[in-house]
Each structure stands twice: as structure tokens, then as C-alpha cells.
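So the structure is just underneath, and the comments pick up after that.
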Amino acid sequence: MELRHIRYFLAVSEELNFTRAAEKLCIAQPPLSRQIQDLENELGTKLFIRKPHSLQLTEEGTLFRQYALQILDLVNKSTEDVREMKSGLQGTLYLASVEGHAPRLFSEWIAGFHQLYPHVQYNLWNGNSDDVANRVMKGLCELAIIMEPHNAEGVESISVYQEPWIAMIPQNHPLAEKEGTTLEAADLLPYDLIIPSRASRLDEIINSWFAYTKKTPTIRCRMAHMLNAFELARQGVGIAIYPASAADIANSEICIKKIVNPPVTASYVLIWNKTQNLTHVAKEFIKYVRSFIN
């Protein structure tokens with residue numbers, strides 16, 4: 001049995017489809033099927049139940065998968081440890097984040113972590129919370145920052161930051177002329193609103209923020225990116241409701257007011273897949289973040 005047999009088996013056990021597993025491994029399907037058959041012959045048992053368009057792990061296959069994961073994890077750890085004895089912590093850390101304050105958090109953490117471990121490399125991806133969480137669960141990145149609420153099951157999380165919500169109001173709007181730097185959710189009811197595109201955010205805003213008014217706000221647009229929301233607000237399409245860090249992209253054409261009633265906040269969390277074996281780099285980065293925020 002060779003290490004490639006282990007990797008091939010794990011790829012097939014994850015996809016439960018030879019074609020998708022072959023694409024993931026960047027090899028042709030026939031050689032992959034033969035490698036799995038060779039492995040089954042060596043073990044003297046079937047690892048998969050073949051169906052017309054899918055596969056299913058046998059009882060023996062499920063048991064072997066547990067050992068295969070441990071073997072691959074040990075190989076990866078031993079490789080990392082040997083390399084680190086010579087050069088220090090190294091590897092590539094795959095990260096993802098939402099907009100808002102998350103990029104600033106990652107920048108601060110990476111800057112400090114880089115001082116400790118200069119050989120580590122970074123690959124960052126940006127999207128909305130649902131897309132980012134999906135990448136974590138699929139193993140496309142190890143660590144990510146998303147905003148609550150989230151429905152990502154199977155993740156571990158650390159609360160890392162909170163900020164208030166603001167309204168971005170065109171300068172010629174009646175609310176912009178109102179005295180003070182704050183407003184209540186009820187003040188927004190007569191006007192068209194621009195909000196984040198997530199379904200959970202829509203439910204939160206309509207059913208929580210405005211619950212005390214017993215009225216439903218008018219949602220004119222739902223936007224995935226706050227820059228687009230800012231531009232629409234600037235053009236007078238509506239009032240954009242986003243976390244306070246959105247004010248960083250604002251200019252004199254937009255009036256910013258903090259929403260104080262209800263006292264709502266945007267909460268950021270660092271997440272990772274609790275069923276995935278994290279690399280040594282990722283584990284050390286989590287330790288660093290914990291020390292950074294405590």
C-alpha cells in the first residue's frame with residue numbers, strides 16, 4: 001500500500017463519485033478506479049458499494065476511512081515538523097472573509113503573525129457570510145471571518161469584534177437634515193432601504209429591528225457588497241443600512257447616522273470546520289488570534 005492509495009481513497013470517499021474525485025485529483029477516471037480496486041484487493045474486502053451514478057462506503061470502508069484520515073494527518077504533521085526544525089513554521093494559510101471590519105482584522109493579525117513566522121504564506125478570498133462559510137465547510141479555506149447570525153453547522157467559532165449599525169443617507173434627504181448623529185429604526189420606516197443580501201439578515205431586520213413599531217419597512221434593494229450599496233445611496237435610490245465600518249468608504253455626499261434604537265450591533269466571528277484536520281499553521285494562527293483578542 002502506498003501513500004497515493006490513501007489520498008485517492010479519501011478523495012473518492014469524500015466525493016462518492018469517481019468522476020468528481022478524478023477531477024479533484026487531476027487524474028483520469030480509469031486509473032483512479034484501478035487504484036481503488038488494487039487497494040481493495042490488497043485489503044481483501046470491498047470499500048465501496050458501486051451504484052449506477054454514485055458510491056457508498058461499506059462498513060469496512062467507513063472503518064478504513066478513519067484510519068486513512070489519521071495516517072494522512074500524521075504524514076502531514078511529520079512533514080511540517082521536519083521542515084519547521086530547519087526553517088521554522090511555514091506553509092500556506094487559506095483564509096476567507098466578509099466585508100466590513102473583517103479585512104482590517106485579518107490584516108492586523110497577519111502583520112503580527114508574520115513577525116513571528118516570516119515563512120508562512122497567505123491566500124485570502126472575500127465574499128458574503130453564506131459563501132464564506134460554505135468555503136470553510138467544503139475545505140476550500142481553513143479559517144474565515146463571517147458575521148452573525150449564521151446557520152453554518154459543524155463549525156467552531158470565536159467572537160472577535162462588534163460594531164454598531166449605521167444608516168448611509170444622501171445629503172439632500174430629510175433624515176440627513178435632522179439634528180443629531182443618531183436615529184431610531186422607526187425613523188427609517190417612511191423610506192426605501194438598501195440592506196445586505198443575506199436571507200438571515202433580511203429576517204433579522206424586518207422581524208427584530210422593527211418589531212417594536214409593529215410595521216414593515218420597505219426594502220428597495222438587497223446588495224452583497226457595501227460599495228454598491230453606498231453608490232445607490234449616493235444616487236438617492238434609498239438609505240443603506242450596513243455595519244459602521246461602511247463609513248470608511250463614505251464621503252461628503254453621504255450623511256452617516258448611528259442606529260441606536262434598537263441598540264443593534266454587527267458581530268464578527270472567526271470560524272473553522274471542526275470536523276477537518278487543521279494544519280499546524282492554522283492551529284498556531286488560532287492560538288495567536290486568541291492571544292490577540294484577550
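Following the order of the C-alpha cells, chains are lettered A, B, ..., residues in each are numbered from 1, and ligands are numbered from 1.
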What are the closest atom pairs, with distances in Å to one decimal, for all residues of range 199-255 of chain A lying within 10 Å of range 158-177 of chain A? Consider only C-alpha atoms, order rows by chain and residue number, and present the result as JSON lines.
```
{"residue": "A:Ala229", "atom": "CA", "partner": "A:Met168", "partner_atom": "CA", "distance": 8.9}
{"residue": "A:Phe230", "atom": "CA", "partner": "A:Met168", "partner_atom": "CA", "distance": 7.1}
{"residue": "A:Glu231", "atom": "CA", "partner": "A:Pro170", "partner_atom": "CA", "distance": 9.9}
{"residue": "A:Leu232", "atom": "CA", "partner": "A:Pro170", "partner_atom": "CA", "distance": 9.4}
{"residue": "A:Ala233", "atom": "CA", "partner": "A:Pro170", "partner_atom": "CA", "distance": 6.0}
{"residue": "A:Arg234", "atom": "CA", "partner": "A:Pro170", "partner_atom": "CA", "distance": 5.4}
{"residue": "A:Gln235", "atom": "CA", "partner": "A:Pro170", "partner_atom": "CA", "distance": 7.4}
{"residue": "A:Gly236", "atom": "CA", "partner": "A:Pro170", "partner_atom": "CA", "distance": 5.9}
{"residue": "A:Val237", "atom": "CA", "partner": "A:Pro170", "partner_atom": "CA", "distance": 8.9}
{"residue": "A:Gly238", "atom": "CA", "partner": "A:Ile169", "partner_atom": "CA", "distance": 7.6}
{"residue": "A:Ile239", "atom": "CA", "partner": "A:Ile169", "partner_atom": "CA", "distance": 5.1}
{"residue": "A:Ala240", "atom": "CA", "partner": "A:Met168", "partner_atom": "CA", "distance": 5.0}
{"residue": "A:Ile241", "atom": "CA", "partner": "A:Ala167", "partner_atom": "CA", "distance": 4.7}
{"residue": "A:Tyr242", "atom": "CA", "partner": "A:Trp165", "partner_atom": "CA", "distance": 5.7}
{"residue": "A:Pro243", "atom": "CA", "partner": "A:Trp165", "partner_atom": "CA", "distance": 4.3}
{"residue": "A:Ala244", "atom": "CA", "partner": "A:Trp165", "partner_atom": "CA", "distance": 5.2}
{"residue": "A:Ser245", "atom": "CA", "partner": "A:Glu163", "partner_atom": "CA", "distance": 7.7}
{"residue": "A:Ala246", "atom": "CA", "partner": "A:Ile166", "partner_atom": "CA", "distance": 8.1}
{"residue": "A:Ala247", "atom": "CA", "partner": "A:Met168", "partner_atom": "CA", "distance": 7.8}
{"residue": "A:Ala250", "atom": "CA", "partner": "A:Met168", "partner_atom": "CA", "distance": 8.1}
{"residue": "A:Ser252", "atom": "CA", "partner": "A:Gln171", "partner_atom": "CA", "distance": 7.9}
{"residue": "A:Glu253", "atom": "CA", "partner": "A:Gln171", "partner_atom": "CA", "distance": 5.7}
{"residue": "A:Ile254", "atom": "CA", "partner": "A:Pro170", "partner_atom": "CA", "distance": 4.8}
{"residue": "A:Cys255", "atom": "CA", "partner": "A:Ile169", "partner_atom": "CA", "distance": 4.9}
```
* To do: Any chance you could list, as a ChimeraX atom specification, the residues in range 24-213 of chain A that come up alpha helix (DSSP H) when DSSP is run on the backbone?
  => /A:24-25,29-43,59-87,102-116,129-137,174-177,199-204
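Comparing A:Asn273, A:Glu204, A:Ala102, A:Gly91 by their smallest distance to Arg135 in chain A, the closest is A:Asn273 (using only C-alpha atoms).
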* Can you list, as a PyMOL selection string, every residue of range 139-293 of chain A that DSSP puts in strand (DSSP E)? -> chain A and resi 143-147+155-170+182-184+192-196+218-223+239-243+254-261+265-273
* Surrounding residues of Leu55 in chain A excluding itself and chain neighbours under 2 positions, 12 Å, only C-alpha atoms, as a PyMOL selection string -> chain A and resi 12-21+33+46-53+57-58+61
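For the set A:Ile271, A:Lys283, A:Ile71, A:Pro149, the residue with the smallest atom-to-atom gap to Met137 in chain A is A:Ile271, counting only C-alpha atoms.
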Excluding Leu278 in chain A and its own-chain neighbours fewer than 6 positions away, which residues fall within 12 Å of it when counting only C-alpha atoms? Please give them as a PDB file with N, CA, C and O atoms, in the first residue's frame.
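File written: out.pdb
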```
ATOM      1  N   LEU A  69      -7.586   8.809   7.452  1.00  0.00           N
ATOM      2  CA  LEU A  69      -7.501  10.206   7.885  1.00  0.00           C
ATOM      3  C   LEU A  69      -6.388  10.386   8.912  1.00  0.00           C
ATOM      4  O   LEU A  69      -5.634  11.366   8.869  1.00  0.00           O
ATOM      5  N   LEU A  72      -2.958  10.114   7.042  1.00  0.00           N
ATOM      6  CA  LEU A  72      -2.626  11.307   6.267  1.00  0.00           C
ATOM      7  C   LEU A  72      -2.317  12.488   7.180  1.00  0.00           C
ATOM      8  O   LEU A  72      -1.404  13.278   6.905  1.00  0.00           O
ATOM      9  N   ASP A  73      -3.052  12.583   8.270  1.00  0.00           N
ATOM     10  CA  ASP A  73      -2.789  13.659   9.235  1.00  0.00           C
ATOM     11  C   ASP A  73      -1.398  13.505   9.843  1.00  0.00           C
ATOM     12  O   ASP A  73      -0.664  14.485  10.019  1.00  0.00           O
ATOM     13  N   LEU A  74      -1.008  12.265  10.154  1.00  0.00           N
ATOM     14  CA  LEU A  74       0.313  12.012  10.721  1.00  0.00           C
ATOM     15  C   LEU A  74       1.410  12.321   9.707  1.00  0.00           C
ATOM     16  O   LEU A  74       2.451  12.900  10.051  1.00  0.00           O
ATOM     17  N   ASN A  76       1.223  14.484   7.200  1.00  0.00           N
ATOM     18  CA  ASN A  76       1.301  15.938   7.050  1.00  0.00           C
ATOM     19  C   ASN A  76       1.992  16.578   8.244  1.00  0.00           C
ATOM     20  O   ASN A  76       2.817  17.490   8.086  1.00  0.00           O
ATOM     21  N   LYS A  77       1.651  16.106   9.441  1.00  0.00           N
ATOM     22  CA  LYS A  77       2.247  16.683  10.646  1.00  0.00           C
ATOM     23  C   LYS A  77       3.744  16.399  10.712  1.00  0.00           C
ATOM     24  O   LYS A  77       4.552  17.278  11.052  1.00  0.00           O
ATOM     25  N   THR A  92       1.051  27.467   3.651  1.00  0.00           N
ATOM     26  CA  THR A  92       0.124  28.469   3.153  1.00  0.00           C
ATOM     27  C   THR A  92      -1.165  28.402   3.952  1.00  0.00           C
ATOM     28  O   THR A  92      -1.734  27.331   4.135  1.00  0.00           O
ATOM     29  N   LEU A  93      -1.601  29.548   4.435  1.00  0.00           N
ATOM     30  CA  LEU A  93      -2.826  29.637   5.212  1.00  0.00           C
ATOM     31  C   LEU A  93      -3.934  30.173   4.312  1.00  0.00           C
ATOM     32  O   LEU A  93      -3.828  31.280   3.776  1.00  0.00           O
ATOM     33  N   TYR A  94      -4.979  29.370   4.124  1.00  0.00           N
ATOM     34  CA  TYR A  94      -6.088  29.752   3.248  1.00  0.00           C
ATOM     35  C   TYR A  94      -7.198  30.383   4.093  1.00  0.00           C
ATOM     36  O   TYR A  94      -7.764  29.737   4.978  1.00  0.00           O
ATOM     37  N   VAL A 136     -15.557  27.202   3.887  1.00  0.00           N
ATOM     38  CA  VAL A 136     -14.959  26.537   5.046  1.00  0.00           C
ATOM     39  C   VAL A 136     -15.436  25.096   5.135  1.00  0.00           C
ATOM     40  O   VAL A 136     -14.651  24.168   5.345  1.00  0.00           O
ATOM     41  N   GLY A 139     -13.853  22.772   2.679  1.00  0.00           N
ATOM     42  CA  GLY A 139     -12.417  22.602   2.785  1.00  0.00           C
ATOM     43  C   GLY A 139     -11.617  23.476   1.835  1.00  0.00           C
ATOM     44  O   GLY A 139     -10.427  23.250   1.630  1.00  0.00           O
ATOM     45  N   CYS A 141     -11.037  26.665   2.318  1.00  0.00           N
ATOM     46  CA  CYS A 141     -10.195  27.503   3.171  1.00  0.00           C
ATOM     47  C   CYS A 141     -10.295  26.955   4.589  1.00  0.00           C
ATOM     48  O   CYS A 141     -11.243  26.237   4.919  1.00  0.00           O
ATOM     49  N   GLU A 142      -9.303  27.269   5.409  1.00  0.00           N
ATOM     50  CA  GLU A 142      -9.276  26.715   6.759  1.00  0.00           C
ATOM     51  C   GLU A 142      -9.935  27.625   7.791  1.00  0.00           C
ATOM     52  O   GLU A 142     -10.659  27.156   8.670  1.00  0.00           O
ATOM     53  N   LEU A 143      -9.671  28.924   7.681  1.00  0.00           N
ATOM     54  CA  LEU A 143     -10.189  29.879   8.656  1.00  0.00           C
ATOM     55  C   LEU A 143     -10.913  30.999   7.926  1.00  0.00           C
ATOM     56  O   LEU A 143     -10.546  31.374   6.817  1.00  0.00           O
ATOM     57  N   GLU A 156     -16.514  25.539  14.489  1.00  0.00           N
ATOM     58  CA  GLU A 156     -16.100  26.146  15.751  1.00  0.00           C
ATOM     59  C   GLU A 156     -15.963  27.634  15.493  1.00  0.00           C
ATOM     60  O   GLU A 156     -15.666  28.064  14.373  1.00  0.00           O
ATOM     61  N   ILE A 271     -14.218  31.474  12.221  1.00  0.00           N
ATOM     62  CA  ILE A 271     -14.745  30.112  12.197  1.00  0.00           C
ATOM     63  C   ILE A 271     -13.778  29.159  11.498  1.00  0.00           C
ATOM     64  O   ILE A 271     -12.917  29.570  10.725  1.00  0.00           O
ATOM     65  N   TRP A 272     -13.931  27.862  11.824  1.00  0.00           N
ATOM     66  CA  TRP A 272     -13.240  26.797  11.119  1.00  0.00           C
ATOM     67  C   TRP A 272     -14.061  25.523  11.233  1.00  0.00           C
ATOM     68  O   TRP A 272     -14.926  25.398  12.103  1.00  0.00           O
ATOM     69  N   GLU A 284      -1.757  27.303  14.901  1.00  0.00           N
ATOM     70  CA  GLU A 284      -0.954  28.354  15.517  1.00  0.00           C
ATOM     71  C   GLU A 284      -1.584  29.727  15.290  1.00  0.00           C
ATOM     72  O   GLU A 284      -1.515  30.601  16.167  1.00  0.00           O
ATOM     73  N   PHE A 285      -2.210  29.909  14.147  1.00  0.00           N
ATOM     74  CA  PHE A 285      -2.862  31.184  13.861  1.00  0.00           C
ATOM     75  C   PHE A 285      -4.045  31.391  14.805  1.00  0.00           C
ATOM     76  O   PHE A 285      -4.262  32.505  15.305  1.00  0.00           O
ATOM     77  N   ILE A 286      -4.803  30.335  15.072  1.00  0.00           N
ATOM     78  CA  ILE A 286      -5.926  30.429  16.013  1.00  0.00           C
ATOM     79  C   ILE A 286      -5.412  30.789  17.402  1.00  0.00           C
ATOM     80  O   ILE A 286      -5.994  31.641  18.097  1.00  0.00           O
TER      81      ILE A 286
END
```
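Residue neighbourhood of range 180-192 of chain A, excluding near-sequence residues (fewer than 2 positions): Leu175, Lys178, Ile194, Trp209, Phe210, Thr213, Lys215, Thr216, Pro217, Thr218, Ile219, Arg220, Val237, Gly238, Ile239, Ile256, Lys257, Lys258, Ile259, Val260, Asn261 and Pro262 of chain A, at 8 Å, using only C-alpha atoms.
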Could you save the residues just selected, with N, CA and C atoms, as a JSON list (two decimals), in the first residue's frame?
```json
[["chain", "number", "residue", "atom", "x", "y", "z"],
["A", 175, "LEU", "N", -33.85, 62.94, 6.42],
["A", 175, "LEU", "CA", -33.18, 62.43, 7.62],
["A", 175, "LEU", "C", -31.77, 63.02, 7.77],
["A", 178, "LYS", "N", -32.04, 66.17, 9.71],
["A", 178, "LYS", "CA", -32.46, 66.04, 11.09],
["A", 178, "LYS", "C", -31.28, 66.21, 12.03],
["A", 194, "ILE", "N", -31.87, 50.01, 1.65],
["A", 194, "ILE", "CA", -30.92, 49.13, 0.96],
["A", 194, "ILE", "C", -30.21, 48.34, 2.05],
["A", 209, "TRP", "N", -35.52, 44.26, 14.26],
["A", 209, "TRP", "CA", -35.28, 45.68, 14.38],
["A", 209, "TRP", "C", -36.57, 46.50, 14.46],
["A", 210, "PHE", "N", -37.54, 46.14, 13.65],
["A", 210, "PHE", "CA", -38.76, 46.93, 13.54],
["A", 210, "PHE", "C", -39.94, 46.31, 14.30],
["A", 213, "THR", "N", -42.16, 48.57, 16.37],
["A", 213, "THR", "CA", -43.01, 49.53, 15.64],
["A", 213, "THR", "C", -44.29, 48.89, 15.11],
["A", 215, "LYS", "N", -44.62, 47.62, 12.36],
["A", 215, "LYS", "CA", -44.73, 47.98, 10.95],
["A", 215, "LYS", "C", -43.62, 47.31, 10.16],
["A", 216, "THR", "N", -43.81, 47.17, 8.85],
["A", 216, "THR", "CA", -42.82, 46.53, 7.99],
["A", 216, "THR", "C", -42.12, 47.57, 7.13],
["A", 217, "PRO", "N", -40.79, 47.59, 7.14],
["A", 217, "PRO", "CA", -40.05, 48.57, 6.33],
["A", 217, "PRO", "C", -40.12, 48.22, 4.84],
["A", 218, "THR", "N", -39.81, 49.19, 4.01],
["A", 218, "THR", "CA", -39.77, 48.97, 2.56],
["A", 218, "THR", "C", -38.33, 48.67, 2.14],
["A", 219, "ILE", "N", -38.08, 47.43, 1.72],
["A", 219, "ILE", "CA", -36.75, 47.04, 1.27],
["A", 219, "ILE", "C", -36.69, 47.23, -0.24],
["A", 220, "ARG", "N", -35.96, 48.25, -0.67],
["A", 220, "ARG", "CA", -35.88, 48.54, -2.10],
["A", 220, "ARG", "C", -34.82, 47.70, -2.79],
["A", 237, "VAL", "N", -31.23, 56.35, -4.34],
["A", 237, "VAL", "CA", -32.14, 55.22, -4.52],
["A", 237, "VAL", "C", -32.78, 54.82, -3.19],
["A", 238, "GLY", "N", -32.05, 54.97, -2.09],
["A", 238, "GLY", "CA", -32.56, 54.61, -0.79],
["A", 238, "GLY", "C", -31.54, 54.86, 0.29],
["A", 239, "ILE", "N", -31.88, 54.49, 1.52],
["A", 239, "ILE", "CA", -30.96, 54.60, 2.66],
["A", 239, "ILE", "C", -30.31, 53.24, 2.86],
["A", 256, "ILE", "N", -23.89, 60.09, 7.58],
["A", 256, "ILE", "CA", -23.84, 58.87, 8.38],
["A", 256, "ILE", "C", -24.51, 59.09, 9.73],
["A", 257, "LYS", "N", -25.44, 58.24, 10.07],
["A", 257, "LYS", "CA", -26.07, 58.29, 11.39],
["A", 257, "LYS", "C", -26.11, 56.89, 12.00],
["A", 258, "LYS", "N", -25.81, 56.82, 13.27],
["A", 258, "LYS", "CA", -25.80, 55.54, 14.00],
["A", 258, "LYS", "C", -27.21, 55.17, 14.44],
["A", 259, "ILE", "N", -27.56, 53.89, 14.27],
["A", 259, "ILE", "CA", -28.87, 53.40, 14.67],
["A", 259, "ILE", "C", -28.80, 52.99, 16.15],
["A", 260, "VAL", "N", -29.60, 53.67, 16.99],
["A", 260, "VAL", "CA", -29.49, 53.46, 18.44],
["A", 260, "VAL", "C", -30.71, 52.78, 19.05],
["A", 261, "ASN", "N", -31.79, 52.74, 18.35],
["A", 261, "ASN", "CA", -32.98, 52.08, 18.89],
["A", 261, "ASN", "C", -33.67, 51.28, 17.79],
["A", 262, "PRO", "N", -33.60, 49.92, 17.90],
["A", 262, "PRO", "CA", -32.97, 49.16, 18.97],
["A", 262, "PRO", "C", -31.44, 49.24, 18.90]]
```
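The closest residue to Glu40 in chain A, picked from A:Ala22, A:Leu193, A:Leu202, A:Ile6 and counting only C-alpha atoms, is A:Ile6.
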* CA of Asn207 in chain A to CA of Val264 in chain A: how many Å, to one decimal? -> 13.0 Å
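Among A:Arg198, A:Gly44, A:Val281, A:Gln276, the residue with the shortest atom-to-atom distance to His114 in chain A, counting only C-alpha atoms, is A:Val281.
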